[in-house]
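Q: So here's data.txt, just compact mmCIF, C-alpha atoms:
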# COMPACT_ATOMS: atom_id res chain seq x y z
CA MET A 265 8.59 38.00 57.15
CA GLU A 266 8.25 34.20 57.50
CA LYS A 267 10.57 32.34 59.82
CA ASN A 268 13.70 31.67 57.78
CA ARG A 269 15.39 28.28 58.03
CA ARG A 270 17.77 29.14 55.18
CA LYS A 271 21.16 30.74 55.52
CA ASP A 272 20.29 33.38 52.89
CA LYS A 273 17.59 35.98 53.33
CA ARG A 274 14.38 35.14 51.52
CA TYR A 275 12.16 37.77 49.94
CA ARG A 276 8.43 37.54 49.38
CA THR A 277 7.83 37.80 45.68
CA ASN A 278 5.51 36.51 42.95
CA TRP A 279 7.66 35.88 39.86
CA LYS A 280 6.41 33.72 37.03
CA VAL A 281 8.13 30.37 36.88
CA ALA A 282 7.76 27.21 34.77
CA MET A 283 8.65 23.75 36.06
CA VAL A 284 10.26 21.62 33.31
CA PHE A 285 10.73 17.90 33.96
CA GLY A 286 13.15 15.54 32.20
CA ALA A 287 12.16 14.26 28.76
CA SER A 288 12.07 10.67 30.02
CA GLU A 289 9.34 11.54 32.56
CA LYS A 290 6.93 12.73 29.83
CA ARG A 291 5.32 15.29 32.13
CA PRO A 292 3.99 18.63 30.85
CA ILE A 293 5.52 21.99 31.74
CA PHE A 294 3.78 23.50 34.79
CA HIS A 295 3.36 27.29 35.08
CA THR A 296 2.99 28.91 38.49
CA LEU A 297 4.35 31.75 40.70
CA THR A 298 7.08 31.88 43.31
CA HIS A 299 6.08 32.35 46.98
CA ASP A 300 9.47 33.63 47.98
CA LEU A 301 12.99 33.87 46.58
CA SER A 302 16.57 33.96 47.86
CA VAL A 303 19.91 34.01 46.09
CA ASN A 304 20.11 30.23 46.41
CA GLY A 305 16.55 28.92 46.44
CA THR A 306 12.84 29.50 46.07
CA ALA A 307 9.43 28.20 47.15
CA ILE A 308 6.59 27.70 44.67
CA GLN A 309 3.16 26.13 44.66
CA TYR A 310 2.55 22.90 42.71
CA SER A 311 -0.57 20.80 42.09
CA THR A 312 0.80 17.54 43.53
CA ASP A 313 3.35 16.28 46.01
CA GLU A 314 6.92 15.85 44.77
CA LYS A 315 9.71 13.62 46.09
CA VAL A 316 12.58 15.26 47.94
CA ASN A 317 15.86 15.30 45.94
CA THR A 318 13.98 15.39 42.60
CA VAL A 319 16.05 17.43 40.12
CA LEU A 320 14.30 19.53 37.48
CA THR A 321 14.63 22.81 35.58
CA LEU A 322 12.97 26.07 36.63
CA LEU A 323 12.46 28.77 34.01
CA LEU A 324 12.28 31.91 36.14
CA ILE A 325 10.86 35.09 34.58
CA PRO A 326 11.81 38.26 36.49
CA PRO A 327 9.48 41.25 36.15
CA ALA A 328 10.48 44.26 34.07
CA ILE A 329 13.22 46.43 35.58
CA ASP A 330 13.01 50.14 34.67
CA GLY A 331 10.43 49.18 32.04
CA ILE A 332 12.75 46.66 30.35
CA ASP A 333 11.63 43.02 30.14
CA GLN A 334 14.14 40.59 31.60
CA LYS A 335 15.33 37.40 29.94
CA VAL A 336 14.26 34.00 31.22
CA ILE A 337 16.71 32.53 33.74
CA LYS A 338 17.07 28.74 33.37
CA LEU A 339 17.91 27.28 36.78
CA LYS A 340 18.65 23.70 37.74
CA ALA A 341 16.95 23.05 41.09
CA VAL A 342 16.59 20.27 43.67
CA VAL A 343 13.39 19.68 45.69
CA MET A 344 14.30 20.12 49.36
CA SER A 345 10.80 20.02 50.92
CA SER A 346 7.15 19.43 50.03
CA ARG A 347 4.18 20.17 52.27
CA ALA A 348 0.44 20.59 51.82
CA PHE A 349 -0.59 24.18 51.12
CA ARG A 350 -4.02 25.49 50.14
CA ASN A 351 -5.30 23.31 47.27
CA GLY A 352 -1.89 21.83 46.43
CA PHE A 353 1.64 21.64 47.78
CA ARG A 354 4.35 24.15 48.58
CA LEU A 355 7.70 22.99 47.23
CA GLY A 356 10.99 24.31 48.53
CA PHE A 357 13.91 24.32 46.04
CA SER A 358 17.65 24.75 46.29
CA PHE A 359 19.38 26.05 43.15
CA VAL A 360 22.35 24.23 41.61
CA HIS A 361 25.28 26.61 41.29
CA ASP A 362 26.03 27.30 37.60
CA ALA A 363 26.29 30.21 35.15
CA GLU A 364 22.50 30.65 35.07
CA LEU A 365 22.37 31.08 38.85
CA GLU A 366 24.92 33.89 38.53
CA LYS A 367 22.48 35.61 36.13
CA LEU A 368 19.87 35.54 38.91
CA TRP A 369 22.34 37.04 41.33
CA GLY A 370 23.05 39.80 38.81
CA THR A 371 19.32 40.48 38.44
CA LEU A 372 18.80 40.66 42.20
CA LYS A 373 21.67 43.16 42.54
CA ARG A 374 19.75 45.54 40.29
CA LEU A 375 16.74 45.48 42.63
CA ASP A 376 16.10 47.19 45.95
CA LEU A 377 16.90 44.52 48.54
CA SER A 378 16.43 46.69 51.60
CA GLY A 379 12.97 45.36 52.44
CA ASP A 380 11.33 41.95 52.66
CA THR A 381 9.60 42.01 49.27
CA LEU A 382 10.68 42.24 45.64
CA PRO A 383 8.85 43.69 42.62
CA SER A 384 6.40 41.09 41.31
CA VAL A 385 4.14 40.46 38.36
CA PRO A 386 0.38 41.03 38.89
CA GLN A 387 -1.67 38.10 40.16
CA VAL A 388 -3.42 35.94 37.53
CA ALA A 389 -6.40 33.68 38.06
CA ALA A 390 -5.74 29.95 38.41
CA THR A 391 -6.28 27.98 35.21
CA PRO A 392 -6.59 24.23 34.57
CA GLY A 393 -3.15 22.66 34.88
CA ASN A 394 -1.72 25.61 36.82
CA ALA A 395 -1.32 26.02 40.55
CA PRO A 396 -3.51 28.58 42.33
CA ALA A 397 -1.96 32.02 42.47
CA ALA A 398 0.38 32.67 45.35
CA PRO A 399 -0.55 35.31 47.94
CA GLN A 400 0.08 38.97 47.10
CA PRO A 401 3.28 40.44 48.52
CA ALA A 402 2.92 42.43 51.72
CA ALA A 403 1.85 46.05 51.39
CA ALA A 404 4.50 48.73 51.52
CA PRO A 405 4.98 50.52 54.89
CA ALA A 406 2.54 53.41 55.55
CA SER A 407 5.34 55.96 55.41
CA THR A 408 6.20 54.93 51.84
CA ALA A 409 4.11 56.05 48.88
CA PRO A 410 2.58 53.05 47.08
CA ALA A 411 4.22 52.25 43.77
CA ALA A 412 2.14 52.34 40.62
CA PRO A 413 0.96 48.80 39.73
CA ALA A 414 2.78 47.17 36.85
CA PRO A 415 0.63 46.65 33.76
CA ALA A 416 -0.76 43.14 33.44
CA HIS A 417 0.59 41.26 30.49
CA PRO A 418 0.98 37.62 29.47
CA LEU A 419 4.31 35.85 29.11
CA SER A 420 6.40 37.72 26.59
CA GLN A 421 6.90 36.23 23.14
CA THR A 422 10.57 35.66 23.90
CA SER A 423 9.69 33.64 27.00
CA VAL A 424 7.27 31.36 25.13
CA LEU A 425 9.83 30.91 22.36
CA GLU A 426 12.49 29.97 24.90
CA LEU A 427 10.21 27.32 26.39
CA ILE A 428 9.34 25.85 22.99
CA LYS A 429 12.99 25.87 21.88
CA GLN A 430 14.03 24.15 25.09
CA ARG A 431 11.33 21.48 24.74
CA ASN A 432 12.35 20.90 21.12
CA LEU A 433 16.00 20.66 22.11
CA ASP A 434 15.19 18.20 24.91
CA LYS A 435 13.17 16.07 22.49
CA LYS A 436 15.96 16.03 19.92
CA LYS A 437 18.48 15.04 22.58
CA ALA A 438 16.18 12.30 23.87
CA ASP A 439 15.59 10.98 20.34
CA GLU A 440 19.30 11.07 19.54
CA GLN A 441 20.13 9.31 22.80
CA ALA A 442 17.50 6.64 22.09
CA VAL A 443 19.14 5.97 18.72
CA VAL A 444 22.59 5.80 20.32
CA ASP A 445 21.31 3.45 23.05
CA LYS A 446 19.65 1.21 20.45
CA GLU A 447 22.78 1.07 18.33
CA GLU A 448 24.93 0.26 21.35
CA GLU A 449 22.49 -2.45 22.46
CA GLN A 450 22.61 -3.96 18.95
CA ARG A 451 26.40 -3.74 18.88
CA GLN A 452 26.72 -5.52 22.22
CA PHE A 453 24.28 -8.18 20.99
CA TYR A 454 26.39 -8.76 17.87
CA LEU A 455 29.59 -8.86 19.92
CA ARG A 456 28.20 -11.49 22.31
CA ILE A 457 27.16 -13.71 19.38
CA SER A 458 30.48 -13.09 17.64
CA ASP A 459 32.49 -14.08 20.71
CA LEU A 460 30.39 -17.23 21.16
CA LEU A 461 30.77 -18.30 17.52
CA MET A 462 34.49 -17.56 17.49
CA THR A 463 34.97 -19.84 20.50
CA ALA A 464 33.15 -22.61 18.63
CA HIS A 465 35.15 -21.85 15.48
CA LYS A 466 38.44 -22.29 17.32
CA TYR A 467 37.30 -25.71 18.57
CA LEU A 468 36.13 -26.85 15.13
CA HIS A 469 39.20 -25.45 13.36
CA ASP A 470 41.51 -27.35 15.71
CA LEU A 471 39.35 -30.46 15.30
CA VAL A 472 39.45 -30.60 11.48
CA THR A 473 43.15 -29.63 11.41
CA ASN A 474 43.98 -32.71 13.50
CA LEU A 475 41.56 -34.98 11.61
CA ASN A 476 43.17 -33.90 8.32
CA GLU A 477 46.43 -35.33 9.64
CA LEU A 478 44.97 -38.35 11.42
CA LYS A 479 42.51 -39.42 8.69
CA PRO A 480 40.56 -41.75 11.02
CA PRO A 481 38.02 -44.34 9.76
CA TYR A 482 34.37 -43.34 9.84
CA ALA A 483 32.44 -45.69 12.15
CA GLY A 484 28.98 -45.27 10.64
CA THR A 485 27.14 -46.37 7.51
CA TYR A 486 25.09 -44.23 5.17
CA THR A 487 21.87 -45.98 4.22
CA GLN A 488 19.01 -44.94 1.98
CA MET A 489 16.14 -46.90 0.47
CA ASN A 490 16.90 -48.06 -3.10
CA VAL A 491 20.55 -46.98 -2.72
CA PRO A 492 23.47 -49.32 -1.88
CA ASP A 493 24.91 -48.86 1.62
CA ILE A 494 27.93 -46.54 1.73
CA LYS A 495 30.34 -47.76 4.41
CA GLU A 496 34.01 -48.37 5.18
CA LEU A 497 34.66 -44.66 4.78
CA SER A 498 37.50 -42.60 6.25
CA TRP A 499 38.29 -38.95 6.78
CA GLN A 500 39.73 -37.22 3.71
CA GLU A 501 42.34 -34.47 3.77
CA GLY A 502 41.19 -30.93 2.87
CA ALA A 503 38.52 -30.31 5.52
CA ARG A 504 38.21 -26.72 6.74
CA ALA A 505 36.34 -24.57 9.24
CA ASP A 506 35.48 -21.01 8.15
CA CYS A 507 33.93 -17.97 9.82
CA ARG A 508 32.06 -15.13 8.14
CA ALA A 509 31.65 -11.57 9.39
CA ARG A 510 28.55 -9.44 9.00
CA PRO A 511 28.78 -6.08 7.19
CA SER A 512 30.03 -3.50 9.69
CA VAL A 513 29.35 0.23 9.88
CA THR A 514 31.41 0.74 13.03
CA GLY A 515 34.66 -0.74 11.78
CA VAL A 516 34.49 -3.52 14.37
CA LYS A 517 34.43 -6.98 12.77
CA VAL A 518 31.77 -9.22 14.29
CA PHE A 519 31.08 -12.76 13.11
CA ASN A 520 27.62 -14.21 12.58
CA GLU A 521 28.26 -17.55 10.84
CA ILE A 522 30.72 -20.43 10.99
CA GLY A 523 30.86 -23.37 8.63
CA VAL A 524 32.65 -26.73 8.43
CA LEU A 525 33.22 -28.65 5.17
CA TYR A 526 34.76 -32.12 4.96
CA THR A 527 34.64 -35.30 2.88
CA LEU A 528 34.34 -38.97 3.84
CA GLY A 529 35.54 -41.40 1.20
CA ASN A 530 36.92 -44.70 -0.01
CA PRO A 531 38.77 -45.05 -3.34
CA ALA A 532 36.87 -48.24 -4.20
CA PRO A 533 33.32 -47.57 -5.52
CA VAL A 534 30.32 -49.67 -4.57
CA SER A 535 28.06 -51.25 -7.20
CA VAL A 536 24.59 -52.72 -7.22
CA THR A 537 22.48 -54.27 -10.00
CA ARG A 538 18.77 -53.57 -10.32
CA ASP A 539 16.23 -55.21 -12.59
CA MET A 540 14.17 -53.21 -15.04
CA LEU A 541 11.45 -52.44 -12.46
CA ALA A 542 13.83 -51.19 -9.76
CA THR A 543 16.16 -49.21 -12.03
CA ALA A 544 14.01 -46.08 -12.12
CA LYS A 545 13.64 -45.99 -8.30
CA THR A 546 17.40 -46.27 -7.79
CA GLU A 547 18.09 -43.53 -10.31
CA GLN A 548 15.60 -41.21 -8.56
CA ALA A 549 17.03 -41.94 -5.09
CA LEU A 550 20.62 -41.27 -6.21
CA GLU A 551 19.57 -37.99 -7.82
CA GLU A 552 17.68 -36.85 -4.68
CA ILE A 553 20.61 -37.39 -2.32
CA GLY A 554 23.10 -35.95 -4.79
CA LEU A 555 25.38 -38.95 -5.22
CA ALA A 556 27.36 -39.22 -8.43
CA TYR A 557 27.05 -42.55 -10.27
CA ARG A 558 27.43 -44.26 -13.63
CA GLU A 559 25.32 -46.98 -15.20
CA GLU A 560 26.11 -50.19 -17.06
CA ARG A 561 23.36 -52.08 -18.88
CA VAL A 562 22.90 -55.75 -18.02
CA LYS A 563 22.12 -58.11 -20.96
CA ASN A 564 20.24 -61.36 -20.71
CA ALA A 565 21.06 -64.60 -22.59
CA GLN A 566 19.15 -63.40 -25.58
CA GLY A 567 21.09 -60.09 -25.64
CA GLY A 568 18.18 -58.03 -24.36
CA ASN A 569 18.31 -55.46 -21.56
CA SER A 570 17.50 -57.11 -18.23
CA GLY A 571 18.57 -54.42 -15.79
CA THR A 572 21.16 -51.83 -14.79
CA THR A 573 24.32 -51.93 -12.68
CA PHE A 574 24.95 -48.72 -10.74
CA ILE A 575 28.60 -47.89 -9.91
CA VAL A 576 28.60 -45.34 -7.08
CA PRO A 577 31.81 -43.65 -5.88
CA ARG A 578 32.11 -43.80 -2.10
CA GLU A 579 32.48 -40.08 -1.48
CA ILE A 580 30.22 -38.16 0.92
CA ARG A 581 30.54 -34.38 1.16
CA VAL A 582 29.41 -33.06 4.57
CA ARG A 583 28.60 -29.49 5.61
CA LEU A 584 27.77 -27.89 8.99
CA THR A 585 26.68 -24.25 9.38
CA PHE A 586 26.08 -22.31 12.63
CA THR A 587 23.99 -19.12 12.38
CA CYS A 588 22.03 -16.79 14.67
CA ASP A 589 18.58 -15.19 14.43
CA ASP A 590 19.11 -11.43 14.96
CA THR A 591 15.55 -11.03 16.25
CA THR A 592 15.27 -13.81 18.83
CA GLY A 593 18.96 -14.45 19.54
CA LYS A 594 18.48 -18.20 18.97
CA LEU A 595 21.23 -20.24 17.35
CA PHE A 596 20.79 -22.73 14.52
CA LEU A 597 22.85 -25.65 13.27
CA GLU A 598 22.10 -26.67 9.69
CA THR A 599 23.75 -29.79 8.30
CA ARG A 600 24.01 -31.65 5.03
CA ASN A 601 24.91 -35.39 4.98
CA LEU A 602 25.99 -35.33 8.62
CA GLU A 603 25.59 -38.90 9.92
CA ARG A 604 22.91 -39.60 7.28
CA PHE A 605 21.92 -38.47 3.79
CA GLY A 606 20.00 -35.19 3.50
CA ALA A 607 19.53 -32.01 5.54
CA MET A 608 18.93 -31.52 9.26
CA ARG A 609 18.30 -28.33 11.25
CA TYR A 610 18.66 -27.79 15.00
CA GLU A 611 17.59 -24.85 17.17
CA PHE A 612 19.00 -23.94 20.59
CA GLU A 613 19.71 -21.08 23.00
CA GLN A 614 23.05 -19.29 23.14
CA ASP A 615 24.18 -21.07 26.29
CA GLY A 616 23.66 -24.38 24.45
CA LEU A 617 26.74 -23.76 22.29
CA ASN A 618 29.23 -25.09 24.80
CA GLN A 619 32.01 -27.65 25.24
CA ALA A 620 29.58 -30.53 25.80
CA LEU A 621 27.70 -29.88 22.55
CA LEU A 622 30.88 -29.44 20.49
CA ASP A 623 32.27 -32.72 21.85
CA GLN A 624 29.10 -34.56 20.85
CA ILE A 625 29.13 -32.97 17.38
CA ALA A 626 32.74 -34.18 16.99
CA LEU A 627 31.58 -37.75 17.76
CA MET A 628 28.75 -37.29 15.27
CA MET A 629 31.24 -36.26 12.58
CA LEU A 630 33.19 -39.48 13.24
CA GLY A 631 30.11 -41.71 13.05
CA GLU A 632 30.29 -42.56 16.77
CA ARG A 633 27.37 -42.76 19.20
CA ASN A 634 26.45 -39.29 20.50
CA THR A 635 23.81 -37.33 22.42
CA VAL A 636 23.39 -34.32 20.12
CA SER A 637 19.63 -34.92 19.82
CA ARG A 638 19.34 -34.70 23.63
CA LEU A 639 21.27 -31.45 23.90
CA ILE A 640 19.62 -29.41 21.14
CA LYS A 641 16.21 -29.55 19.48
CA ARG A 642 15.95 -30.83 15.93
CA VAL A 643 13.37 -28.84 13.94
CA LEU A 644 13.92 -30.39 10.49
Before we go any further, please render this structure as C-alpha cells.
A:
Amino acid sequence: MEKNRRKDKRYRTNWKVAMVFGASEKRPIFHTLTHDLSVNGTAIQYSTDEKVNTVLTLLLIPPAIDGIDQKVIKLKAVVMSSRAFRNGFRLGFSFVHDAELEKLWGTLKRLDLSGDTLPSVPQVAATPGNAPAAPQPAAAPASTAPAAPAPAHPLSQTSVLELIKQRNLDKKKADEQAVVDKEEEQRQFYLRISDLLMTAHKYLHDLVTNLNELKPPYAGTYTQMNVPDIKELSWQEGARADCRARPSVTGVKVFNEIGVLYTLGNPAPVSVTRDMLATAKTEQALEEIGLAYREERVKNAQGGNSGTTFIVPREIRVRLTFTCDDTTGKLFLETRNLERFGAMRYEFEQDGLNQALLDQIALMMLGERNTVSRLIKRVL
C-alpha cells in the first residue's frame, strides 16, 4: 500500500468518476477512474494541472455489489494536491461532508474493507478527452482464490441520465441567475437615476415655490428677427416642478423624468407696425415661435391698406425637461423658450447634474448671466 499521509485508510480502487465543473467555467465533464479511495477523499488522474482549493463536483460510480448496480454518488470535493503523473496529473481530493458523502460511507460499509483494495470496474482504454486508465489494483494474495472478473460494461443508462439531468439543471440555474442578475443590475441603474433626478426635483420645486411668491423681474430680453423685442417681463404665479415615474413591475417607484413649467409676462402688450412688404415676414416669424398676436390694418391718406400693426401680448411660456437615456446612462435637458425663443437640448453625464449646474440654470431662468453652456454640452 502507498504511504498514507491521510488520517483515514486509503484503498486502491478503480471506480468510474466524472469531474463536473461549475456552469460559469464552461468546461466539459471529464470521465476518468479513481486511483485510490478513502471515506473522506480520493485521488484521480486528470489531463491538466488544477489549482489547489478548486471546488467541483465528482460523480462517483461504485461497481455492482452482489450483482446490483449502484446509484451515482454526487460528491462535492476540494482539490488538495496536484502533481505530474504519467501523461497527465494526479489530483488529490478531500470530500465536503454532506448527505451524499454519507451515501458513500454506506456503500463502503457493504464492502470487504479488510484488505488494501476494493472491487473495481474493468480497465478501459484511454479515449480523446479522457485521462489514461489508472493502474490495475494489486493482485489478491496467493492464498486467496482469484475472484471472477466482473463483466465489462459501459456506464449504465441511469448514470448517463443523471449526468445529463445535472447538466441541464445547472444550465437552467445559470440562466435563471443571469436573468436575476440582469434585472437587479437594471433596477439599481434605475434607482441611481431616480435618486439623482429626485434631488434635482427638490431643488427646482423649492426654487419655483419661492419665485411664485417673490415674482421677481426677468433681466433678459427675448429677441427674434422680424418680431418686436419682448422685454420688461416678470415671473408669473403658477409655476410648477413635476416628476414622472416609469412603469414598474417590482412595485418600487423610480423616476425617470422631471419637468418645470413657468410663465414670464407683462400685462401691457407690445405693438409694431410693418409695411406691406414686411407684414408677411412678421406673420411667419410669430407663427414659428408660437406667440399669440392680433392684427390691425393701417390705412393711408387715400383709405388704402398701407401696412399692418401687430399687437403681441407679452407672455412667454417656458418649459424645462430632464430625462435619461436607458442605454447609455446620459442625461438630457430639453428646453423651450428658456432665455431665448425656440428649443435647446443639452447632453451631460450623471455627475454633471449637481448643485453648480442647478444654480446656473436658476440664473438662466431669471435672465441673468450664467455658465450653463460651459458646464454641459449643447447638442441642439
Q: If we count all atoms listed in the file and set the cut-off at 12 Å, which residues sit around Thr591 (chain A), ignoring sequence neighbours fewer than 6 positions away in its own chain? Please answer as a PyMOL selection string.
A: chain A and resi 450+453-454
Q: Which of these, A:Gly554, A:Gly631, A:Gly616, A:Gly356, has the shortest distance to Gln309 (chain A) once you count all atoms listed in the file?
A: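 Of A:Gly554, A:Gly631, A:Gly616, A:Gly356, the one nearest Gln309 (chain A), counting all atoms listed in the file, is A:Gly356.
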Q: Which residue, A:Asn490, A:Lys437, A:Gly331, A:Glu521, has the smallest gap to Asp459 (chain A) when you use all atoms listed in the file?
A: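 Ranking A:Asn490, A:Lys437, A:Gly331, A:Glu521 by distance to Asp459 (chain A), first place goes to A:Glu521.
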Q: Could you jot down the CA of Asp439 (chain A) to CA of Pro292 (chain A) separation for me, Å, one decimal place?
A: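 These atoms are spaced 17.4 Å apart.
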Q: Restricting the calculation to only C-alpha atoms, which member of A:Ala626, A:Leu525, A:Ile575, A:Met283 is positioned closest to Ile494 (chain A)?
A: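 Smallest distance to Ile494 (chain A) is found for A:Ile575.
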Q: Out of A:Phe519, A:Phe357, A:Phe605, A:Tyr526, which residue has the shortest atom-to-atom distance to Gln488 (chain A) when counting all atoms listed in the file?
A: A:Phe605
Q: Could you tell me which of A:Met344, A:Leu433, A:Val643, A:Val303 comes closest to Thr371 (chain A) if we count all atoms listed in the file?
A: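 Closest residue, counting all atoms listed in the file: A:Val303.
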Q: Please, what distance in Å, to one decimal, runs between CA of Ala464 (chain A) and CA of Glu613 (chain A)?
A: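 So the answer is 14.2 Å.
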Q: Can you pull out every residue within 9 Å of Leu621 (chain A), counting only C-alpha atoms, but drop anything in the same chain fewer than 2 positions away, and send it as a PyMOL selection string?
A: chain A and resi 616-619+623-626+635-636+639-640
Q: Distance CA of Ala287 (chain A)-CA of Asp434 (chain A), one decimal place?
A: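 Separating CA of Ala287 (chain A) from CA of Asp434 (chain A) is a distance of 6.3 Å.
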Q: May I ask which of the residues A:Glu440, A:Glu501, A:Asp506, A:Asp330 is the closest one to Asn520 (chain A), counting all atoms listed in the file?
A: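 Using all atoms listed in the file, Asn520 (chain A) sits closest to A:Asp506.
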Q: Taking (28.9, -23.7, 7.8) in the file's coordinates, which residues come within 6 Å, counting only C-alpha atoms, written as a PyMOL selection string?
A: chain A and resi 522-524+584-586
Q: Which residues come within 7 Å of Arg578 (chain A), counting all atoms listed in the file, excluding same-chain residues fewer than 2 positions away, as a list in words?
A: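 In the requested form, the answer reads Ile494, Gly529, Asn530, Pro531, Ala532, Pro533, Val534, Val576 and Ile580 of chain A.
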Q: Starting from the point (5.7, 18.3, 29.5), work out which residues of protein, DNA or RNA have an atom no more than 12 Å away when counting all atoms listed in the file; state them as number ranges by chain.
A: A: 282-295, 320-321, 393, 427-428, 430-432, 434-435
Q: Near Gly593 (chain A), counting all atoms listed in the file, which residues have an atom at most 8 Å away, once you skip same-chain residues fewer than 4 positions from it, shown as a PyMOL selection string?
A: chain A and resi 588-589+613-614
Q: Excluding Lys563 (chain A) and any residue of its chain fewer than 6 positions from it, enumerate the residues within 12 Å of it, using all atoms listed in the file, and give them as number ranges by chain.
A: A: 537, 539-540, 569-573
Q: Given the selection you just returned, output its residues as a file containing C-alpha atoms, formatted as a PDB file, keeping the file's coordinate frame.
A:
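New file part_39.pdb:
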ATOM      1  CA  THR A 537      22.480 -54.270 -10.000  1.00  0.00           C
ATOM      2  CA  ASP A 539      16.230 -55.210 -12.590  1.00  0.00           C
ATOM      3  CA  MET A 540      14.170 -53.210 -15.040  1.00  0.00           C
ATOM      4  CA  ASN A 569      18.310 -55.460 -21.560  1.00  0.00           C
ATOM      5  CA  SER A 570      17.500 -57.110 -18.230  1.00  0.00           C
ATOM      6  CA  GLY A 571      18.570 -54.420 -15.790  1.00  0.00           C
ATOM      7  CA  THR A 572      21.160 -51.830 -14.790  1.00  0.00           C
ATOM      8  CA  THR A 573      24.320 -51.930 -12.680  1.00  0.00           C
TER       9      THR A 573
END
